[in-house]
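Trainee: Let me give you the structure first, and then I'll get to my questions.
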Amino acid sequence: MTVRRLGYRWRLREVMAARGLWQTTDLAPLLAERGIELSSTQVYRLVTQTPERLSLRILMALCDALECTSTDLIEPVAEAIPARKRAASGAGSDTAGEVRALRPKRARIVPDP
């Protein structure tokens, strides 16, 4: 059995280059026209780094400014990861017994006679 890890590739820089926008400072005025005010540092990070969180307003402003769709900016990536093999039950390891052996023994309080 394989497990799929889902991720994405941020393609803003590629889309900007295809539109002739080569510098991060070219993007700020386009976003400002659409009501998105970002600092030059924020715009730089948006272009050069993959965002972990992104406001839908910013995404829609990017799509409008660059005349593209969200799928042009965000490319889904899935990678298959082999699942860890588990020991078969009864295959020589008694995990329940091992856990019991690690637990501390309960103290008994015995009244003095």
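Identifiers in this document derive from the order of the structure tokens: chains are assigned A, B, ..., residues are numbered from 1 separately in each chain, and ligands are numbered from 1 in order of occurrence.
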As a list in words, please: the residues near Thr2 in chain A (cut-off 10 Å, only C-alpha atoms, same-chain neighbours under 6 positions excluded).

Mentor: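 The filter keeps Glu79, Ala80, Ile81, Pro82, Ala83 and Arg84 of chain A.
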
Trainee: Can you tell me, as a PyMOL selection string, which residues in chain A count as strand (DSSP E or B) by DSSP?

Mentor: chain A and resi 2-10+74-82

Trainee: Counting only C-alpha atoms, which residue out of A:Met60, A:Leu73, A:Leu66, A:Val99 sits closest to Gly20 in chain A?

Mentor: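 The answer is A:Leu66, which sits nearest to Gly20 in chain A.
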
Trainee: Select from range 11-112 of chain A everything DSSP, run on the backbone, classes as alpha helix (DSSP H), then give the selection as a ChimeraX atom specification.

Mentor: /A:12-18,27-32,40-48,56-66,70-73,95-102

Trainee: Rank A:Ala65, A:Ser55, A:Asp72, A:Leu30 by their smallest atom-to-atom distance to Leu12 in chain A, using only C-alpha atoms, and report the top residue only.

Mentor: A:Asp72

Trainee: Just want the 12 Å neighbourhood of range 31-42 of chain A, counted on only C-alpha atoms, with same-chain residues fewer than 6 positions away dropped. Output as a list in words.

Mentor: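 What passes the distance filter is Gln23, Thr24, Thr25, Thr48, Gln49, Pro51, Leu54, Ser55, Leu56, Arg57, Ile58, Leu59, Met60, Ala61, Leu62, Cys63, Asp64, Ala65 and Leu66 of chain A.
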
Trainee: Grab the CA of Thr71 in chain A to CA of Val43 in chain A distance for me, in Å with one decimal place.

Mentor: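 CA of Val43 in chain A lies 19.9 Å from CA of Thr71 in chain A.
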
Trainee: Which residue out of A:Ile74, A:Leu102, A:Val47, A:Cys68 has the minimum interatomic distance to Trp22 in chain A when only C-alpha atoms are used?

Mentor: A:Val47

Trainee: Go ahead and compute the interatomic distance for CA of Gly7 in chain A and CA of Pro76 in chain A, in Å to one decimal.

Mentor: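 CA of Gly7 in chain A sits 6.0 Å away from CA of Pro76 in chain A.
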
Trainee: To one decimal place, how far is CA of Thr50 in chain A from CA of Tyr8 in chain A in Å?

Mentor: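 A separation of 8.8 Å between them.
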
Trainee: I'd like to know which of A:Glu52, A:Glu67, A:Glu98, A:Asp112 is closest to Met16 in chain A, using only C-alpha atoms.

Mentor: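 Counting only C-alpha atoms, the residue closest to Met16 in chain A is A:Glu67.
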
Trainee: Which of these, A:Arg106, A:Val3, A:Arg45, A:Trp10, has the shortest distance to Leu27 in chain A once you count only C-alpha atoms?

Mentor: A:Arg45
